[in-house]
Amino acid sequence: MHLAIHNWMRAEPLETTLERISRQGYHAIEIQGTPEDYDTTEVRRLLKKYDLQCWGSVTLMLGERNLLARDPDQRARSVQYVKDIITMVQELEGQMVSVVPGTVGKIVPDGRPEEEWEWAVASMQECYAFAEAAGVQLGIEPINRFETYFINRADQALALAEATGPNCGVCLDIFHMNLEENDYYEAIRRAGDRLVGFHVADNNRMAPGMGRLNWPTIVDALKSIGYDGALSVEFCPPLDRTPANPYPNSIDENPIGLTPEQKKFLEDHGSSAFTEEFYSQLTQQSLDTLLPLI
C-alpha cells in the first residue's frame, strides 16, 4: 500500500499541492474530477518534477451529472463526463477512477427501483467498456445516505460492479462505511479482490488520527485481503463557525481560485474553504497516522 491524497478539498494551484505532499512524503495524488481544468502534458511534467504519481481520480457528481437519470440525454452527458475523466487518468498514467453513480445531494428518485437499476447498469457498462479499452480500472463508490439514496453500502456497490463487468471494482471510503456498514471490517473482506481503491478520513471526516477510528485494525483488514493500492486521504473538515472553534485561523475568509462549483461542493459537505496552514496540518496529520501502518 501507499499514500495518496485528493486535491479537491482546497482550491489552490496544483503545483502548490504537489510541492506540499512531495515534501511531506506522499506517493501519489488522486486528482479531482474536473478534466477541463487540466492540461495533462503540464500535469505530467509537474508529477515528474515532484517525483509523484497519479493514482487516479474521482467523479464529482454535481448538478446534472447522474448515471441513473430518467432523461436519456442527461445520462449520455453523464457517461461522457465519466469518459472524460477516464481519458484524463489514462493520459496521466493513473490506475483507477472512483465512480459515484448518482448525483450527490439528490434525494428524490427518477423512477422505480428496477428502472433506476437498469439505467445505472447500462451507464456503467458503457463507462466500463471505455475504461477497459483505456486500461483504467473503475471502482464504484458507496457514499452515505445523507449524500445519495443510491449505493450506500459495499454490498450494493459489489452488486452493481458484478452487473457491470468482471473487472469492475469497488472503491470504499471508511468515513461513509462508519455510517452505513454493520461491520466495516467484514465489508472490506467481502469486497476482496474487487477492492480497487480506499478513501480515508476519520469518523468526523477530519484527518485520520483526529477521531475515533481504529486505524491499525483497518489497515490490517486491508492487508488481510491483499489490498495493495492507495490509501487516498480525503478529509473534509466540518469547520466550526462559532467561538468554540478549536482550530483558530482555520477558515479562509477570502479563498483564491475557488470556483462556484467547488464552493457549492464544499458547502454541501458541511465544510468551507480553509487556510493553507490548517490544510497543511491536516495533510501532515494524515501521513503521520497512516504511514507507520503500511
# chains A, B, ... in the order shown; residues from 1 in each chain; ligands from 1
>>> select_by_dssp(residues="range 125-200 of chain A", states="helix (DSSP H, G or I)", output="PyMOL selection string")
chain A and resi 125-134+154-164+174-180+184-194
>>> write_last_selection(atoms="C-alpha atoms", output="PDB file, in the first residue's frame")
ATOM      1  CA  GLN A 125     -21.392  -0.797 -18.756  1.00  0.00           C
ATOM      2  CA  GLU A 126     -20.744   1.946 -21.315  1.00  0.00           C
ATOM      3  CA  CYS A 127     -18.214   3.603 -18.997  1.00  0.00           C
ATOM      4  CA  TYR A 128     -16.674   0.203 -18.246  1.00  0.00           C
ATOM      5  CA  ALA A 129     -16.146  -0.683 -21.903  1.00  0.00           C
ATOM      6  CA  PHE A 130     -14.426   2.652 -22.436  1.00  0.00           C
ATOM      7  CA  ALA A 131     -12.269   2.186 -19.317  1.00  0.00           C
ATOM      8  CA  GLU A 132     -11.260  -1.336 -20.298  1.00  0.00           C
ATOM      9  CA  ALA A 133     -10.081  -0.083 -23.691  1.00  0.00           C
ATOM     10  CA  ALA A 134      -8.111   2.674 -21.925  1.00  0.00           C
ATOM     11  CA  ALA A 154     -20.361  -2.099  -0.012  1.00  0.00           C
ATOM     12  CA  ASP A 155     -22.767  -4.926  -0.893  1.00  0.00           C
ATOM     13  CA  GLN A 156     -24.739  -2.575  -3.145  1.00  0.00           C
ATOM     14  CA  ALA A 157     -21.567  -1.413  -4.877  1.00  0.00           C
ATOM     15  CA  LEU A 158     -20.464  -5.025  -5.335  1.00  0.00           C
ATOM     16  CA  ALA A 159     -23.817  -5.919  -6.898  1.00  0.00           C
ATOM     17  CA  LEU A 160     -23.524  -3.045  -9.380  1.00  0.00           C
ATOM     18  CA  ALA A 161     -19.877  -3.914 -10.112  1.00  0.00           C
ATOM     19  CA  GLU A 162     -20.815  -7.536 -10.814  1.00  0.00           C
ATOM     20  CA  ALA A 163     -23.620  -6.405 -13.125  1.00  0.00           C
ATOM     21  CA  THR A 164     -21.206  -4.055 -14.900  1.00  0.00           C
ATOM     22  CA  ILE A 174     -14.160   4.390   5.638  1.00  0.00           C
ATOM     23  CA  PHE A 175     -15.927   7.627   6.594  1.00  0.00           C
ATOM     24  CA  HIS A 176     -19.067   6.527   4.739  1.00  0.00           C
ATOM     25  CA  MET A 177     -18.642   2.918   5.902  1.00  0.00           C
ATOM     26  CA  ASN A 178     -18.577   4.091   9.512  1.00  0.00           C
ATOM     27  CA  LEU A 179     -22.088   5.496   8.958  1.00  0.00           C
ATOM     28  CA  GLU A 180     -23.586   2.729   6.833  1.00  0.00           C
ATOM     29  CA  TYR A 184     -16.907  -2.408   8.067  1.00  0.00           C
ATOM     30  CA  TYR A 185     -14.142  -4.947   8.592  1.00  0.00           C
ATOM     31  CA  GLU A 186     -16.439  -7.651   7.204  1.00  0.00           C
ATOM     32  CA  ALA A 187     -17.421  -5.335   4.334  1.00  0.00           C
ATOM     33  CA  ILE A 188     -13.731  -4.994   3.434  1.00  0.00           C
ATOM     34  CA  ARG A 189     -13.340  -8.761   3.496  1.00  0.00           C
ATOM     35  CA  ARG A 190     -16.406  -9.270   1.276  1.00  0.00           C
ATOM     36  CA  ALA A 191     -15.040  -6.768  -1.234  1.00  0.00           C
ATOM     37  CA  GLY A 192     -11.952  -8.938  -1.569  1.00  0.00           C
ATOM     38  CA  ASP A 193     -10.155  -8.670  -4.873  1.00  0.00           C
ATOM     39  CA  ARG A 194     -12.781  -6.268  -6.252  1.00  0.00           C
TER      40      ARG A 194
END
>>> select_by_dssp(residues="range 125-175 of chain A", states="strand (DSSP E or B)", output="list in words")
Gln137, Leu138, Gly139, Ile140, Gly169, Val170, Cys171, Leu172 and Asp173 of chain A
>>> closest_residue(among="A:Gly169, A:Pro113, A:Ser98, A:Ser123", to="Gln80 in chain A", atoms="only C-alpha atoms")
A:Ser123
>>> closest_residue(among="A:Leu290, A:Phe150, A:Val196, A:Pro243", to="Asp220 in chain A", atoms="only C-alpha atoms")
A:Leu290
>>> closest_residue(among="A:Ile5, A:Ala207, A:Ala273, A:Leu18", to="Leu46 in chain A", atoms="only C-alpha atoms")
A:Leu18
>>> closest_residue(among="A:Val170, A:Lys106, A:Leu195, A:Gln53", to="Ile225 in chain A", atoms="only C-alpha atoms")
A:Leu195
>>> residues_around(residues="Thr40 in chain A", least_positions_apart="4", cutoff="9 Å", atoms="only C-alpha atoms", output="number ranges by chain")
A: 35, 44-45, 88-89, 91-92
>>> atom_distance(atom1="CA of Val99 in chain A", atom2="CA of Tyr149 in chain A")
15.0 Å
>>> atom_distance(atom1="CA of Pro142 in chain A", atom2="CA of Val108 in chain A")
17.4 Å
>>> closest_residue(among="A:Glu42, A:Asp73, A:Glu93, A:Asp202", to="Glu15 in chain A", atoms="only C-alpha atoms")
A:Glu42
>>> closest_residue(among="A:Cys168, A:Val104, A:Val233, A:Leu47", to="Asn7 in chain A", atoms="only C-alpha atoms")
A:Val233
>>> closest_atom_pairs(of="range 165-235 of chain A", to="range 278-289 of chain A", cutoff="12 Å", atoms="only C-alpha atoms", output="JSON lines")
{"residue": "A:His199", "atom": "CA", "partner": "A:Ser286", "partner_atom": "CA", "distance": 11.8}
{"residue": "A:Val200", "atom": "CA", "partner": "A:Ser286", "partner_atom": "CA", "distance": 8.8}
{"residue": "A:Ala201", "atom": "CA", "partner": "A:Ser286", "partner_atom": "CA", "distance": 8.2}
{"residue": "A:Asp202", "atom": "CA", "partner": "A:Ser286", "partner_atom": "CA", "distance": 9.4}
{"residue": "A:Arg205", "atom": "CA", "partner": "A:Leu282", "partner_atom": "CA", "distance": 10.9}
{"residue": "A:Met206", "atom": "CA", "partner": "A:Leu282", "partner_atom": "CA", "distance": 7.7}
{"residue": "A:Ala207", "atom": "CA", "partner": "A:Ser286", "partner_atom": "CA", "distance": 5.3}
{"residue": "A:Pro208", "atom": "CA", "partner": "A:Ser286", "partner_atom": "CA", "distance": 5.0}
{"residue": "A:Gly209", "atom": "CA", "partner": "A:Thr289", "partner_atom": "CA", "distance": 5.7}
{"residue": "A:Met210", "atom": "CA", "partner": "A:Gln285", "partner_atom": "CA", "distance": 8.1}
{"residue": "A:Gly211", "atom": "CA", "partner": "A:Thr289", "partner_atom": "CA", "distance": 11.3}
{"residue": "A:Leu213", "atom": "CA", "partner": "A:Thr289", "partner_atom": "CA", "distance": 11.2}
{"residue": "A:Asn214", "atom": "CA", "partner": "A:Thr289", "partner_atom": "CA", "distance": 10.6}
{"residue": "A:Trp215", "atom": "CA", "partner": "A:Thr289", "partner_atom": "CA", "distance": 7.9}
{"residue": "A:Pro216", "atom": "CA", "partner": "A:Thr289", "partner_atom": "CA", "distance": 9.3}
{"residue": "A:Val219", "atom": "CA", "partner": "A:Thr289", "partner_atom": "CA", "distance": 11.1}
{"residue": "A:Leu231", "atom": "CA", "partner": "A:Leu287", "partner_atom": "CA", "distance": 10.2}
{"residue": "A:Ser232", "atom": "CA", "partner": "A:Ser286", "partner_atom": "CA", "distance": 9.9}
{"residue": "A:Val233", "atom": "CA", "partner": "A:Ser286", "partner_atom": "CA", "distance": 7.0}
{"residue": "A:Glu234", "atom": "CA", "partner": "A:Thr283", "partner_atom": "CA", "distance": 9.4}
{"residue": "A:Phe235", "atom": "CA", "partner": "A:Leu282", "partner_atom": "CA", "distance": 8.0}
>>> decode(residues="range 121-225 of chain A", atoms="C-alpha atoms", output="tab-separated table (two decimals), in the first residue's frame")
chain	number	residue	atom	x	y	z
A	121	VAL	CA	-26.15	-0.74	-15.14
A	122	ALA	CA	-26.39	0.40	-18.75
A	123	SER	CA	-24.49	3.62	-18.00
A	124	MET	CA	-21.82	1.80	-16.02
A	125	GLN	CA	-21.39	-0.80	-18.76
A	126	GLU	CA	-20.74	1.95	-21.32
A	127	CYS	CA	-18.21	3.60	-19.00
A	128	TYR	CA	-16.67	0.20	-18.25
A	129	ALA	CA	-16.15	-0.68	-21.90
A	130	PHE	CA	-14.43	2.65	-22.44
A	131	ALA	CA	-12.27	2.19	-19.32
A	132	GLU	CA	-11.26	-1.34	-20.30
A	133	ALA	CA	-10.08	-0.08	-23.69
A	134	ALA	CA	-8.11	2.67	-21.92
A	135	GLY	CA	-6.54	0.32	-19.38
A	136	VAL	CA	-8.13	2.16	-16.45
A	137	GLN	CA	-9.89	0.40	-13.56
A	138	LEU	CA	-13.33	1.55	-12.40
A	139	GLY	CA	-14.34	1.39	-8.76
A	140	ILE	CA	-17.95	2.04	-7.73
A	141	GLU	CA	-18.02	4.08	-4.53
A	142	PRO	CA	-20.82	3.91	-1.95
A	143	ILE	CA	-21.46	7.15	-0.07
A	144	ASN	CA	-23.72	7.74	2.90
A	145	ARG	CA	-27.49	8.16	2.87
A	146	PHE	CA	-27.28	11.89	3.55
A	147	GLU	CA	-25.50	12.42	0.24
A	148	THR	CA	-27.32	9.93	-2.00
A	149	TYR	CA	-30.18	7.47	-1.86
A	150	PHE	CA	-28.42	5.13	-4.32
A	151	ILE	CA	-25.44	2.88	-3.42
A	152	ASN	CA	-24.73	3.46	0.26
A	153	ARG	CA	-23.12	0.15	1.25
A	154	ALA	CA	-20.36	-2.10	-0.01
A	155	ASP	CA	-22.77	-4.93	-0.89
A	156	GLN	CA	-24.74	-2.58	-3.14
A	157	ALA	CA	-21.57	-1.41	-4.88
A	158	LEU	CA	-20.46	-5.03	-5.33
A	159	ALA	CA	-23.82	-5.92	-6.90
A	160	LEU	CA	-23.52	-3.04	-9.38
A	161	ALA	CA	-19.88	-3.91	-10.11
A	162	GLU	CA	-20.81	-7.54	-10.81
A	163	ALA	CA	-23.62	-6.40	-13.13
A	164	THR	CA	-21.21	-4.05	-14.90
A	165	GLY	CA	-18.37	-6.40	-15.79
A	166	PRO	CA	-15.82	-8.92	-14.48
A	167	ASN	CA	-13.07	-6.33	-13.95
A	168	CYS	CA	-15.25	-3.62	-12.45
A	169	GLY	CA	-14.27	-2.97	-8.85
A	170	VAL	CA	-15.43	-1.04	-5.83
A	171	CYS	CA	-13.83	1.88	-4.04
A	172	LEU	CA	-14.66	2.04	-0.34
A	173	ASP	CA	-14.49	5.07	1.93
A	174	ILE	CA	-14.16	4.39	5.64
A	175	PHE	CA	-15.93	7.63	6.59
A	176	HIS	CA	-19.07	6.53	4.74
A	177	MET	CA	-18.64	2.92	5.90
A	178	ASN	CA	-18.58	4.09	9.51
A	179	LEU	CA	-22.09	5.50	8.96
A	180	GLU	CA	-23.59	2.73	6.83
A	181	GLU	CA	-21.96	-0.67	7.49
A	182	ASN	CA	-22.91	-3.01	10.32
A	183	ASP	CA	-19.33	-4.27	10.31
A	184	TYR	CA	-16.91	-2.41	8.07
A	185	TYR	CA	-14.14	-4.95	8.59
A	186	GLU	CA	-16.44	-7.65	7.20
A	187	ALA	CA	-17.42	-5.34	4.33
A	188	ILE	CA	-13.73	-4.99	3.43
A	189	ARG	CA	-13.34	-8.76	3.50
A	190	ARG	CA	-16.41	-9.27	1.28
A	191	ALA	CA	-15.04	-6.77	-1.23
A	192	GLY	CA	-11.95	-8.94	-1.57
A	193	ASP	CA	-10.15	-8.67	-4.87
A	194	ARG	CA	-12.78	-6.27	-6.25
A	195	LEU	CA	-11.45	-3.56	-3.94
A	196	VAL	CA	-9.52	-1.18	-6.20
A	197	GLY	CA	-9.45	1.97	-4.07
A	198	PHE	CA	-9.81	3.02	-0.44
A	199	HIS	CA	-10.55	6.55	0.79
A	200	VAL	CA	-9.62	7.59	4.30
A	201	ALA	CA	-10.85	10.19	6.77
A	202	ASP	CA	-11.72	9.78	10.42
A	203	ASN	CA	-15.25	9.21	11.72
A	204	ASN	CA	-15.76	13.00	11.99
A	205	ARG	CA	-14.28	13.44	8.49
A	206	MET	CA	-11.27	15.14	9.96
A	207	ALA	CA	-7.81	13.82	9.10
A	208	PRO	CA	-7.03	10.24	10.15
A	209	GLY	CA	-5.98	10.27	13.79
A	210	MET	CA	-8.28	13.15	14.74
A	211	GLY	CA	-11.30	10.95	15.53
A	212	ARG	CA	-12.04	7.55	16.99
A	213	LEU	CA	-11.44	5.09	14.13
A	214	ASN	CA	-9.00	2.27	14.83
A	215	TRP	CA	-6.51	2.75	12.02
A	216	PRO	CA	-4.18	-0.20	12.80
A	217	THR	CA	-7.14	-2.59	12.65
A	218	ILE	CA	-8.49	-1.02	9.44
A	219	VAL	CA	-5.12	-1.31	7.72
A	220	ASP	CA	-4.76	-4.89	8.96
A	221	ALA	CA	-8.15	-5.73	7.40
A	222	LEU	CA	-6.94	-4.32	4.08
A	223	LYS	CA	-3.73	-6.34	4.31
A	224	SER	CA	-5.73	-9.49	5.06
A	225	ILE	CA	-7.39	-9.35	1.61
